[in-house]
$ cat coords09.pdb   # PDB, C-alpha atoms and all ligand atoms
ATOM      1  CA  MET U 126     -42.560 -28.908  -2.075
ATOM      2  CA  VAL U 127     -41.966 -32.004  -4.240
ATOM      3  CA  VAL U 128     -44.680 -34.637  -3.729
ATOM      4  CA  HIS U 129     -43.412 -38.200  -4.137
ATOM      5  CA  ASP U 130     -45.224 -40.139  -6.889
ATOM      6  CA  PRO U 131     -47.271 -42.822  -5.041
ATOM      7  CA  ASP U 132     -46.879 -45.168  -8.055
ATOM      8  CA  SER U 133     -43.088 -44.961  -7.956
ATOM      9  CA  TRP U 134     -41.166 -47.789  -6.272
ATOM     10  CA  TRP U 135     -38.112 -45.544  -5.927
ATOM     11  CA  LEU U 136     -37.350 -44.415  -2.398
ATOM     12  CA  ASP U 137     -38.663 -41.055  -1.267
ATOM     13  CA  GLU U 138     -35.284 -39.588  -0.340
ATOM     14  CA  VAL U 139     -36.764 -36.552   1.373
ATOM     15  CA  SER U 140     -38.676 -38.645   3.901
ATOM     16  CA  HIS U 141     -35.430 -40.520   4.687
ATOM     17  CA  ALA U 142     -33.134 -37.512   4.823
ATOM     18  CA  GLY U 143     -33.230 -36.877   8.566
ATOM     19  CA  ARG U 144     -35.867 -34.768  10.325
ATOM     20  CA  GLU U 145     -33.254 -32.276  11.553
ATOM     21  CA  HIS U 146     -32.075 -31.360   8.052
ATOM     22  CA  PHE U 147     -35.408 -29.679   7.414
ATOM     23  CA  ASP U 148     -35.243 -27.687  10.656
ATOM     24  CA  GLU U 149     -34.023 -24.108  10.131
ATOM     25  CA  GLU U 150     -32.647 -23.881  13.693
ATOM     26  CA  HIS U 151     -30.531 -26.985  13.125
ATOM     27  CA  ALA U 152     -29.258 -25.695   9.778
ATOM     28  CA  ARG U 153     -28.326 -22.365  11.411
ATOM     29  CA  ARG U 154     -26.212 -24.056  14.086
ATOM     30  CA  TYR U 155     -24.876 -26.900  11.905
ATOM     31  CA  ASP U 156     -21.399 -25.470  11.280
ATOM     32  CA  ALA U 157     -20.847 -24.817  15.002
ATOM     33  CA  LYS U 158     -21.861 -28.412  15.787
ATOM     34  CA  MET U 159     -19.994 -30.147  12.994
ATOM     35  CA  ASP U 160     -16.481 -29.503  11.758
ATOM     36  CA  ALA U 161     -16.376 -31.401   8.460
ATOM     37  CA  GLN U 162     -12.544 -31.228   8.515
ATOM     38  CA  ALA U 163     -12.614 -29.913   4.980
ATOM     39  CA  ALA U 164      -9.012 -28.620   4.999
ATOM     40  CA  GLU U 165      -7.677 -32.029   6.098
ATOM     41  CA  GLU U 166      -9.808 -33.781   3.482
ATOM     42  CA  ILE U 167      -8.566 -31.453   0.750
ATOM     43  CA  GLY U 168      -4.946 -32.136   1.784
ATOM     44  CA  LEU U 169      -5.487 -35.886   1.756
ATOM     45  CA  LEU U 170      -7.157 -35.810  -1.669
ATOM     46  CA  GLN U 171      -4.399 -33.603  -3.062
ATOM     47  CA  ASP U 172      -1.729 -35.957  -1.716
ATOM     48  CA  ALA U 173      -3.554 -38.850  -3.397
ATOM     49  CA  ARG U 174      -3.613 -36.804  -6.642
ATOM     50  CA  VAL U 175      -7.376 -37.051  -6.722
ATOM     51  CA  LEU U 176      -7.893 -33.309  -6.374
ATOM     52  CA  THR U 177      -5.825 -31.477  -8.940
ATOM     53  CA  PRO U 178      -6.175 -27.993 -10.416
ATOM     54  CA  GLY U 179      -8.935 -27.951 -13.002
ATOM     55  CA  CYS U 180     -10.725 -31.060 -11.737
ATOM     56  CA  SER U 181     -14.465 -31.330 -11.154
ATOM     57  CA  VAL U 182     -16.230 -32.622  -8.046
ATOM     58  CA  VAL U 183     -19.761 -33.574  -7.094
ATOM     59  CA  ASP U 184     -20.400 -33.288  -3.336
ATOM     60  CA  MET U 185     -23.356 -35.592  -2.570
ATOM     61  CA  GLY U 186     -25.223 -34.641   0.588
ATOM     62  CA  ALA U 187     -23.227 -31.420   0.696
ATOM     63  CA  GLY U 188     -25.253 -29.911   3.549
ATOM     64  CA  SER U 189     -23.996 -26.437   4.453
ATOM     65  CA  GLY U 190     -21.149 -26.919   1.978
ATOM     66  CA  GLN U 191     -18.016 -26.935   4.155
ATOM     67  CA  PHE U 192     -16.234 -29.287   1.736
ATOM     68  CA  SER U 193     -17.703 -27.730  -1.429
ATOM     69  CA  LEU U 194     -16.455 -24.277  -0.444
ATOM     70  CA  ALA U 195     -12.957 -25.547   0.335
ATOM     71  CA  ALA U 196     -12.811 -27.584  -2.888
ATOM     72  CA  ALA U 197     -13.854 -24.550  -4.940
ATOM     73  CA  HIS U 198     -10.382 -23.037  -4.344
ATOM     74  CA  ILE U 199      -8.785 -25.895  -6.284
ATOM     75  CA  CYS U 200     -11.396 -27.307  -8.638
ATOM     76  CA  GLU U 201     -12.751 -25.813 -11.794
ATOM     77  CA  ARG U 202     -16.276 -27.021 -11.082
ATOM     78  CA  VAL U 203     -17.970 -28.058  -7.834
ATOM     79  CA  VAL U 204     -21.557 -29.328  -7.785
ATOM     80  CA  ALA U 205     -23.098 -29.335  -4.301
ATOM     81  CA  VAL U 206     -26.078 -31.713  -4.208
ATOM     82  CA  ASP U 207     -28.493 -32.123  -1.307
ATOM     83  CA  VAL U 208     -32.171 -32.945  -0.806
ATOM     84  CA  SER U 209     -32.616 -30.347   1.933
ATOM     85  CA  PRO U 210     -33.514 -26.833   0.784
ATOM     86  CA  VAL U 211     -32.833 -25.629   4.320
ATOM     87  CA  MET U 212     -29.238 -26.899   4.365
ATOM     88  CA  LEU U 213     -28.640 -25.623   0.831
ATOM     89  CA  ALA U 214     -29.934 -22.180   1.847
ATOM     90  CA  ARG U 215     -27.018 -21.994   4.338
ATOM     91  CA  LEU U 216     -24.585 -22.813   1.541
ATOM     92  CA  ARG U 217     -26.169 -20.222  -0.769
ATOM     93  CA  GLU U 218     -25.810 -17.569   1.968
ATOM     94  CA  LYS U 219     -22.106 -18.405   2.290
ATOM     95  CA  LEU U 220     -21.612 -18.332  -1.474
ATOM     96  CA  ASP U 221     -23.276 -14.899  -1.662
ATOM     97  CA  LEU U 222     -20.914 -13.632   1.038
ATOM     98  CA  CYS U 223     -17.674 -14.994  -0.405
ATOM     99  CA  GLY U 224     -18.528 -14.470  -4.087
ATOM    100  CA  THR U 225     -17.271 -17.911  -5.129
ATOM    101  CA  GLY U 226     -18.516 -18.452  -8.683
ATOM    102  CA  ASN U 227     -17.678 -22.079  -9.435
ATOM    103  CA  VAL U 228     -20.048 -23.871  -7.037
ATOM    104  CA  GLU U 229     -23.391 -25.011  -8.454
ATOM    105  CA  VAL U 230     -26.049 -25.764  -5.843
ATOM    106  CA  ILE U 231     -28.512 -28.469  -6.847
ATOM    107  CA  GLY U 232     -31.553 -29.676  -4.896
ATOM    108  CA  ALA U 233     -31.487 -33.433  -5.565
ATOM    109  CA  GLY U 234     -30.378 -36.681  -3.943
ATOM    110  CA  PHE U 235     -28.225 -39.765  -4.447
ATOM    111  CA  LEU U 236     -31.107 -41.394  -6.324
ATOM    112  CA  SER U 237     -32.365 -38.429  -8.333
ATOM    113  CA  TYR U 238     -29.350 -36.291  -9.250
ATOM    114  CA  ARG U 239     -28.628 -36.235 -12.982
ATOM    115  CA  HIS U 240     -25.172 -34.982 -13.821
ATOM    116  CA  SER U 241     -24.793 -32.725 -16.835
ATOM    117  CA  GLY U 242     -21.556 -31.869 -18.578
ATOM    118  CA  GLU U 243     -18.253 -33.746 -18.453
ATOM    119  CA  PRO U 244     -18.177 -36.677 -15.998
ATOM    120  CA  PRO U 245     -16.674 -35.586 -12.668
ATOM    121  CA  ASP U 246     -13.205 -36.646 -11.486
ATOM    122  CA  LEU U 247     -14.382 -37.084  -7.888
ATOM    123  CA  VAL U 248     -17.610 -37.741  -6.047
ATOM    124  CA  TYR U 249     -17.285 -36.724  -2.418
ATOM    125  CA  SER U 250     -19.797 -37.761   0.235
ATOM    126  CA  ARG U 251     -19.515 -37.286   3.969
ATOM    127  CA  PHE U 252     -22.041 -38.381   6.585
ATOM    128  CA  ALA U 253     -24.932 -38.653   4.125
ATOM    129  CA  LEU U 254     -25.116 -42.183   2.645
ATOM    130  CA  HIS U 255     -26.373 -43.611   5.978
ATOM    131  CA  HIS U 256     -29.723 -41.966   5.289
ATOM    132  CA  LEU U 257     -30.431 -44.678   2.734
ATOM    133  CA  PRO U 258     -31.378 -48.276   3.669
ATOM    134  CA  ASP U 259     -28.848 -50.828   2.395
ATOM    135  CA  PHE U 260     -30.552 -51.731  -0.915
ATOM    136  CA  TRP U 261     -30.696 -48.032  -1.762
ATOM    137  CA  LYS U 262     -27.067 -47.507  -0.713
ATOM    138  CA  VAL U 263     -26.154 -49.964  -3.465
ATOM    139  CA  MET U 264     -28.361 -48.137  -5.981
ATOM    140  CA  ALA U 265     -26.724 -44.864  -4.962
ATOM    141  CA  LEU U 266     -23.194 -46.299  -5.258
ATOM    142  CA  CYS U 267     -23.997 -47.695  -8.732
ATOM    143  CA  ARG U 268     -25.312 -44.291  -9.806
ATOM    144  CA  ILE U 269     -22.107 -42.650  -8.527
ATOM    145  CA  ALA U 270     -19.979 -45.167 -10.466
ATOM    146  CA  ASP U 271     -22.009 -44.457 -13.632
ATOM    147  CA  MET U 272     -21.535 -40.728 -13.205
ATOM    148  CA  LEU U 273     -17.742 -40.727 -12.713
ATOM    149  CA  ARG U 274     -15.195 -40.622 -15.495
ATOM    150  CA  PRO U 275     -13.229 -43.876 -16.036
ATOM    151  CA  GLY U 276     -10.716 -44.131 -13.170
ATOM    152  CA  GLY U 277     -12.569 -41.430 -11.239
ATOM    153  CA  ALA U 278     -12.582 -41.438  -7.439
ATOM    154  CA  LEU U 279     -15.126 -41.708  -4.661
ATOM    155  CA  ARG U 280     -14.276 -40.368  -1.213
ATOM    156  CA  LEU U 281     -16.854 -41.737   1.215
ATOM    157  CA  SER U 282     -16.983 -41.025   4.943
ATOM    158  CA  ASP U 283     -19.820 -42.023   7.198
ATOM    159  CA  VAL U 284     -21.007 -43.480  10.459
ATOM    160  CA  VAL U 285     -20.246 -47.149   9.748
ATOM    161  CA  TYR U 286     -19.854 -49.830  12.427
ATOM    162  CA  SER U 287     -16.632 -51.833  12.454
ATOM    163  CA  PHE U 288     -17.311 -53.701  15.725
ATOM    164  CA  GLU U 289     -18.662 -57.230  16.085
ATOM    165  CA  PRO U 290     -22.483 -57.440  16.190
ATOM    166  CA  THR U 291     -22.344 -58.919  19.700
ATOM    167  CA  ASP U 292     -20.494 -55.772  20.860
ATOM    168  CA  ALA U 293     -23.124 -53.372  19.486
ATOM    169  CA  GLU U 294     -24.733 -52.344  22.773
ATOM    170  CA  PRO U 295     -21.560 -51.507  24.730
ATOM    171  CA  ARG U 296     -19.863 -49.891  21.705
ATOM    172  CA  ILE U 297     -22.826 -47.648  20.863
ATOM    173  CA  GLU U 298     -23.286 -46.676  24.511
ATOM    174  CA  ALA U 299     -19.565 -45.902  24.843
ATOM    175  CA  TRP U 300     -19.637 -43.753  21.688
ATOM    176  CA  ILE U 301     -22.665 -41.781  22.843
ATOM    177  CA  THR U 302     -21.054 -41.193  26.239
ATOM    178  CA  GLU U 303     -17.782 -40.111  24.582
ATOM    179  CA  ILE U 304     -19.198 -37.507  22.205
ATOM    180  CA  MET U 305     -22.471 -36.272  23.691
ATOM    181  CA  THR U 306     -22.844 -32.794  25.133
ATOM    182  CA  ALA U 307     -25.640 -30.841  26.777
ATOM    183  CA  ASP U 308     -24.897 -27.845  24.507
ATOM    184  CA  VAL U 309     -27.136 -28.291  21.472
ATOM    185  CA  GLU U 310     -25.588 -25.185  19.832
ATOM    186  CA  ARG U 311     -22.057 -26.602  19.712
ATOM    187  CA  GLY U 312     -22.333 -30.368  19.726
ATOM    188  CA  TRP U 313     -24.586 -33.391  19.701
ATOM    189  CA  THR U 314     -26.968 -34.206  22.511
ATOM    190  CA  ARG U 315     -27.665 -37.751  23.625
ATOM    191  CA  ALA U 316     -31.109 -37.557  21.990
ATOM    192  CA  GLU U 317     -29.626 -36.464  18.643
ATOM    193  CA  ILE U 318     -27.068 -39.281  18.606
ATOM    194  CA  ALA U 319     -29.665 -41.829  19.740
ATOM    195  CA  GLU U 320     -31.931 -40.665  16.908
ATOM    196  CA  HIS U 321     -29.140 -41.349  14.414
ATOM    197  CA  VAL U 322     -28.630 -44.926  15.618
ATOM    198  CA  ARG U 323     -32.350 -45.647  16.017
ATOM    199  CA  ASP U 324     -33.918 -43.999  12.962
ATOM    200  CA  GLU U 325     -31.189 -43.815  10.314
ATOM    201  CA  HIS U 326     -29.418 -46.582   8.433
ATOM    202  CA  SER U 327     -25.783 -46.800   9.450
ATOM    203  CA  THR U 328     -24.539 -50.286   8.672
ATOM    204  CA  PHE U 329     -21.497 -52.506   9.286
ATOM    205  CA  THR U 330     -18.203 -52.139   7.411
ATOM    206  CA  TRP U 331     -18.460 -55.820   6.432
ATOM    207  CA  LEU U 332     -21.753 -55.074   4.674
ATOM    208  CA  LEU U 333     -20.834 -51.706   3.154
ATOM    209  CA  GLU U 334     -17.460 -52.721   1.712
ATOM    210  CA  PRO U 335     -18.843 -55.469  -0.580
ATOM    211  CA  MET U 336     -21.551 -53.015  -1.661
ATOM    212  CA  ILE U 337     -18.876 -50.499  -2.706
ATOM    213  CA  GLU U 338     -16.975 -53.160  -4.639
ATOM    214  CA  ARG U 339     -20.092 -54.666  -6.220
ATOM    215  CA  ALA U 340     -21.059 -51.185  -7.466
ATOM    216  CA  GLY U 341     -17.862 -51.058  -9.532
ATOM    217  CA  PHE U 342     -15.199 -49.596  -7.235
ATOM    218  CA  THR U 343     -11.875 -50.775  -5.876
ATOM    219  CA  ILE U 344     -11.284 -49.625  -2.297
ATOM    220  CA  VAL U 345      -7.753 -48.208  -2.339
ATOM    221  CA  ASP U 346      -7.729 -46.950   1.242
ATOM    222  CA  ALA U 347      -9.974 -47.672   4.222
ATOM    223  CA  SER U 348      -9.794 -46.526   7.820
ATOM    224  CA  CYS U 349     -12.024 -46.921  10.853
ATOM    225  CA  SER U 350     -12.096 -44.795  14.012
ATOM    226  CA  ALA U 351     -10.972 -46.286  17.325
ATOM    227  CA  SER U 352     -14.574 -46.053  18.521
ATOM    228  CA  GLY U 353     -15.589 -48.457  15.742
ATOM    229  CA  MET U 354     -18.287 -45.978  14.672
ATOM    230  CA  LEU U 355     -16.795 -44.080  11.709
ATOM    231  CA  ALA U 356     -15.238 -45.238   8.449
ATOM    232  CA  GLN U 357     -13.570 -43.460   5.557
ATOM    233  CA  TYR U 358     -12.881 -44.883   2.112
ATOM    234  CA  LEU U 359     -10.995 -43.757  -0.923
ATOM    235  CA  CYS U 360     -12.246 -45.736  -3.917
ATOM    236  CA  LYS U 361     -11.420 -45.809  -7.603
ATOM    237  CA  LYS U 362     -13.933 -46.630 -10.303
ATOM    238  CA  ARG U 363     -12.801 -49.851 -12.037
TER     239      ARG U 363
HETATM  240  C1  LIG C 401     -24.950 -34.774   8.509
HETATM  241  S1  LIG C 401     -25.227 -33.809   7.081
HETATM  242  C2  LIG C 401     -23.614 -33.844   6.307
HETATM  243  C3  LIG C 401     -23.346 -32.602   5.502
HETATM  244  C4  LIG C 401     -21.921 -32.506   4.962
HETATM  245  N1  LIG C 401     -21.639 -33.544   4.011
HETATM  246  C5  LIG C 401     -20.920 -32.527   6.082
HETATM  247  O1  LIG C 401     -20.095 -33.442   6.154
HETATM  248  O2  LIG C 401     -20.949 -31.593   6.910
HETATM  249  C6  LIG C 401     -26.137 -34.925   6.021
HETATM  250  C7  LIG C 401     -26.666 -34.259   4.777
HETATM  251  O3  LIG C 401     -27.136 -35.280   3.889
HETATM  252  C8  LIG C 401     -28.305 -34.815   3.260
HETATM  253  N2  LIG C 401     -29.037 -35.954   2.727
HETATM  254  C9  LIG C 401     -29.795 -36.853   3.387
HETATM  255  N3  LIG C 401     -30.287 -37.772   2.541
HETATM  256  C10 LIG C 401     -29.817 -37.459   1.306
HETATM  257  C11 LIG C 401     -29.980 -38.028   0.018
HETATM  258  N4  LIG C 401     -30.723 -39.129  -0.173
HETATM  259  N5  LIG C 401     -29.361 -37.448  -1.021
HETATM  260  C12 LIG C 401     -28.585 -36.338  -0.833
HETATM  261  N6  LIG C 401     -28.420 -35.741   0.359
HETATM  262  C13 LIG C 401     -29.025 -36.301   1.422
HETATM  263  C14 LIG C 401     -29.026 -34.047   4.357
HETATM  264  O4  LIG C 401     -30.005 -33.171   3.855
HETATM  265  C15 LIG C 401     -27.862 -33.327   5.030
HETATM  266  O5  LIG C 401     -27.621 -32.071   4.480
END
$ encode --input "coords09.pdb" --output "structure tokens" --more "lines below"
Ligand SMILES: C[S@@+](CC[C@H](N)C(=O)[O-])C[C@H]1O[C@@H](n2cnc3c(N)ncnc32)[C@H](O)[C@@H]1O
Amino acid sequence: MVVHDPDSWWLDEVSHAGREHFDEEHARRYDAKMDAQAAEEIGLLQDARVLTPGCSVVDMGAGSGQFSLAAAHICERVVAVDVSPVMLARLREKLDLCGTGNVEVIGAGFLSYRHSGEPPDLVYSRFALHHLPDFWKVMALCRIADMLRPGGALRLSDVVYSFEPTDAEPRIEAWITEIMTADVERGWTRAEIAEHVRDEHSTFTWLLEPMIERAGFTIVDASCSASGMLAQYLCKKR
């Protein structure tokens, strides 16, 4: 176990990474609970000419690696980065089974990962950046911009709030009611969703978007879900 240096002012990413991501039961059922829509994402990134044969990708907060595994069919090099050894163990099991040889699995975080080799063409991150408080989101976005090749792309998806602050209570309640299930094996319980809103750091689109731009990106495409709870961005490094 890595012990955080008490003299360091850098965030301890492990203590902010979500209790459940260090729970082996949760990691075992993760893929049944969460469809990361990797095939759709690959199609979209191919259509945008961001994913092309021979390209390289860093998947930040890769979790059980649904996107990393799909990207490995197209890319020359995929680096799957995550702070949770438990989630990465699931990915390693899958890699052992399918024999894919071009996915590197790295235990690190947004704030600690050091890229080696040629700068990547794409940094992909889905449902992970919200673990960082806003100041640290900016630090993470700046580190991603530094890592990418000139003109490289960032695909960012997360729980991000696009509603007005005064609508927060009804919108969050409506979202929980819409997606919650009693079946913890196949979906998200009310307690799990409530924990996300209460203990993690999802923010508003009107705060996140200037952060992305300030870190050195141009947002070329942005979309928000009808619920006002999810946002997806395709960004280019300026
Ligand atoms: C909800 S899962 C998403 C996994 C995957 N991206 C997906 O879409 O299925 C969030 C992941 O982010 C990871 N994570 C949390 N904080 C992180 C950080 N600071 N750096 C990198 N990964 C982090 C967690 O360990 C977990 O595997």
$ residues_near_ligand --input "coords09.pdb" --ligand "ligand LIG 401 (chain C)" --cutoff "7 Å" --atoms "all atoms listed in the file" --output "PDB file with C-alpha atoms, in the frame of the given file"
ATOM      1  CA  GLU U 138     -35.284 -39.588  -0.340  1.00  0.00           C
ATOM      2  CA  VAL U 139     -36.764 -36.552   1.373  1.00  0.00           C
ATOM      3  CA  HIS U 141     -35.430 -40.520   4.687  1.00  0.00           C
ATOM      4  CA  ALA U 142     -33.134 -37.512   4.823  1.00  0.00           C
ATOM      5  CA  GLY U 143     -33.230 -36.877   8.566  1.00  0.00           C
ATOM      6  CA  HIS U 146     -32.075 -31.360   8.052  1.00  0.00           C
ATOM      7  CA  MET U 159     -19.994 -30.147  12.994  1.00  0.00           C
ATOM      8  CA  ASP U 160     -16.481 -29.503  11.758  1.00  0.00           C
ATOM      9  CA  ALA U 161     -16.376 -31.401   8.460  1.00  0.00           C
ATOM     10  CA  MET U 185     -23.356 -35.592  -2.570  1.00  0.00           C
ATOM     11  CA  GLY U 186     -25.223 -34.641   0.588  1.00  0.00           C
ATOM     12  CA  ALA U 187     -23.227 -31.420   0.696  1.00  0.00           C
ATOM     13  CA  GLY U 188     -25.253 -29.911   3.549  1.00  0.00           C
ATOM     14  CA  SER U 189     -23.996 -26.437   4.453  1.00  0.00           C
ATOM     15  CA  GLY U 190     -21.149 -26.919   1.978  1.00  0.00           C
ATOM     16  CA  GLN U 191     -18.016 -26.935   4.155  1.00  0.00           C
ATOM     17  CA  VAL U 206     -26.078 -31.713  -4.208  1.00  0.00           C
ATOM     18  CA  ASP U 207     -28.493 -32.123  -1.307  1.00  0.00           C
ATOM     19  CA  VAL U 208     -32.171 -32.945  -0.806  1.00  0.00           C
ATOM     20  CA  SER U 209     -32.616 -30.347   1.933  1.00  0.00           C
ATOM     21  CA  MET U 212     -29.238 -26.899   4.365  1.00  0.00           C
ATOM     22  CA  ALA U 233     -31.487 -33.433  -5.565  1.00  0.00           C
ATOM     23  CA  GLY U 234     -30.378 -36.681  -3.943  1.00  0.00           C
ATOM     24  CA  PHE U 235     -28.225 -39.765  -4.447  1.00  0.00           C
ATOM     25  CA  LEU U 236     -31.107 -41.394  -6.324  1.00  0.00           C
ATOM     26  CA  SER U 250     -19.797 -37.761   0.235  1.00  0.00           C
ATOM     27  CA  ARG U 251     -19.515 -37.286   3.969  1.00  0.00           C
ATOM     28  CA  PHE U 252     -22.041 -38.381   6.585  1.00  0.00           C
ATOM     29  CA  ALA U 253     -24.932 -38.653   4.125  1.00  0.00           C
ATOM     30  CA  LEU U 254     -25.116 -42.183   2.645  1.00  0.00           C
ATOM     31  CA  HIS U 256     -29.723 -41.966   5.289  1.00  0.00           C
ATOM     32  CA  LEU U 257     -30.431 -44.678   2.734  1.00  0.00           C
TER      33      LEU U 257
END
$ resolve_selection --input "coords09.pdb" --expression "the PyMOL selection byres (((chain U and resi 338) around 10) and not hetatm)" --output "mmCIF file with C-alpha atoms, keeping the file's coordinate frame"
data_model
loop_
_atom_site.group_PDB
_atom_site.id
_atom_site.type_symbol
_atom_site.label_atom_id
_atom_site.label_comp_id
_atom_site.auth_asym_id
_atom_site.auth_seq_id
_atom_site.Cartn_x
_atom_site.Cartn_y
_atom_site.Cartn_z
ATOM 1 C CA VAL U 263 -26.154 -49.964 -3.465
ATOM 2 C CA LEU U 266 -23.194 -46.299 -5.258
ATOM 3 C CA CYS U 267 -23.997 -47.695 -8.732
ATOM 4 C CA LEU U 333 -20.834 -51.706 3.154
ATOM 5 C CA GLU U 334 -17.460 -52.721 1.712
ATOM 6 C CA PRO U 335 -18.843 -55.469 -0.580
ATOM 7 C CA MET U 336 -21.551 -53.015 -1.661
ATOM 8 C CA ILE U 337 -18.876 -50.499 -2.706
ATOM 9 C CA ARG U 339 -20.092 -54.666 -6.220
ATOM 10 C CA ALA U 340 -21.059 -51.185 -7.466
ATOM 11 C CA GLY U 341 -17.862 -51.058 -9.532
ATOM 12 C CA PHE U 342 -15.199 -49.596 -7.235
ATOM 13 C CA THR U 343 -11.875 -50.775 -5.876
ATOM 14 C CA ILE U 344 -11.284 -49.625 -2.297
ATOM 15 C CA CYS U 360 -12.246 -45.736 -3.917
ATOM 16 C CA LYS U 361 -11.420 -45.809 -7.603
ATOM 17 C CA LYS U 362 -13.933 -46.630 -10.303
ATOM 18 C CA ARG U 363 -12.801 -49.851 -12.037
#
$ resolve_selection --input "coords09.pdb" --expression "the PyMOL selection byres (((chain U and resi 287) around 9) and not hetatm)" --output "list of chain:residue names"
U:Val285, U:Tyr286, U:Phe288, U:Glu289, U:Pro290, U:Thr328, U:Phe329, U:Thr330, U:Trp331, U:Cys349, U:Ser350, U:Ser352, U:Gly353, U:Met354, U:Leu355, U:Ala356
$ residues_around --input "coords09.pdb" --residues "Pro245 in chain U" --least-positions-apart "4" --cutoff "12 Å" --atoms "all atoms listed in the file" --output "PyMOL selection string"
chain U and resi 175-176+179-184+200-204+239-241+249+269-279+362
$ resolve_selection --input "coords09.pdb" --expression "the PyMOL selection byres (((chain U and resi 225) around 12) and not hetatm)" --output "JSON, numbers by chain"
{"U": [193, 194, 195, 196, 197, 198, 199, 200, 201, 202, 203, 216, 217, 218, 219, 220, 221, 222, 223, 224, 226, 227, 228, 229, 230]}
$ atom_distance --input "coords09.pdb" --atom1 "CA of Arg174 in chain U" --atom2 "CA of Asp156 in chain U"
27.7 Å
$ atom_distance --input "coords09.pdb" --atom1 "CA of Ser237 in chain U" --atom2 "CA of Phe192 in chain U"
21.1 Å
$ atom_distance --input "coords09.pdb" --atom1 "CA of Lys158 in chain U" --atom2 "CA of Glu310 in chain U"
6.4 Å
$ closest_residue --input "coords09.pdb" --among "U:Glu145, U:Pro131, U:Ala347, U:Asp137" --to "Ala316 in chain U" --atoms "all atoms listed in the file"
U:Glu145
$ residues_around --input "coords09.pdb" --residues "Ile318 in chain U" --least-positions-apart "2" --cutoff "12 Å" --atoms "only C-alpha atoms" --output "PDB file with C-alpha atoms, in the frame of the given file"
ATOM      1  CA  GLU U 145     -33.254 -32.276  11.553  1.00  0.00           C
ATOM      2  CA  VAL U 284     -21.007 -43.480  10.459  1.00  0.00           C
ATOM      3  CA  ILE U 297     -22.826 -47.648  20.863  1.00  0.00           C
ATOM      4  CA  GLU U 298     -23.286 -46.676  24.511  1.00  0.00           C
ATOM      5  CA  ALA U 299     -19.565 -45.902  24.843  1.00  0.00           C
ATOM      6  CA  TRP U 300     -19.637 -43.753  21.688  1.00  0.00           C
ATOM      7  CA  ILE U 301     -22.665 -41.781  22.843  1.00  0.00           C
ATOM      8  CA  THR U 302     -21.054 -41.193  26.239  1.00  0.00           C
ATOM      9  CA  GLU U 303     -17.782 -40.111  24.582  1.00  0.00           C
ATOM     10  CA  ILE U 304     -19.198 -37.507  22.205  1.00  0.00           C
ATOM     11  CA  MET U 305     -22.471 -36.272  23.691  1.00  0.00           C
ATOM     12  CA  THR U 306     -22.844 -32.794  25.133  1.00  0.00           C
ATOM     13  CA  ALA U 307     -25.640 -30.841  26.777  1.00  0.00           C
ATOM     14  CA  VAL U 309     -27.136 -28.291  21.472  1.00  0.00           C
ATOM     15  CA  GLY U 312     -22.333 -30.368  19.726  1.00  0.00           C
ATOM     16  CA  TRP U 313     -24.586 -33.391  19.701  1.00  0.00           C
ATOM     17  CA  THR U 314     -26.968 -34.206  22.511  1.00  0.00           C
ATOM     18  CA  ARG U 315     -27.665 -37.751  23.625  1.00  0.00           C
ATOM     19  CA  ALA U 316     -31.109 -37.557  21.990  1.00  0.00           C
ATOM     20  CA  GLU U 320     -31.931 -40.665  16.908  1.00  0.00           C
ATOM     21  CA  HIS U 321     -29.140 -41.349  14.414  1.00  0.00           C
ATOM     22  CA  VAL U 322     -28.630 -44.926  15.618  1.00  0.00           C
ATOM     23  CA  ARG U 323     -32.350 -45.647  16.017  1.00  0.00           C
ATOM     24  CA  ASP U 324     -33.918 -43.999  12.962  1.00  0.00           C
ATOM     25  CA  GLU U 325     -31.189 -43.815  10.314  1.00  0.00           C
ATOM     26  CA  SER U 327     -25.783 -46.800   9.450  1.00  0.00           C
ATOM     27  CA  MET U 354     -18.287 -45.978  14.672  1.00  0.00           C
TER      28      MET U 354
END
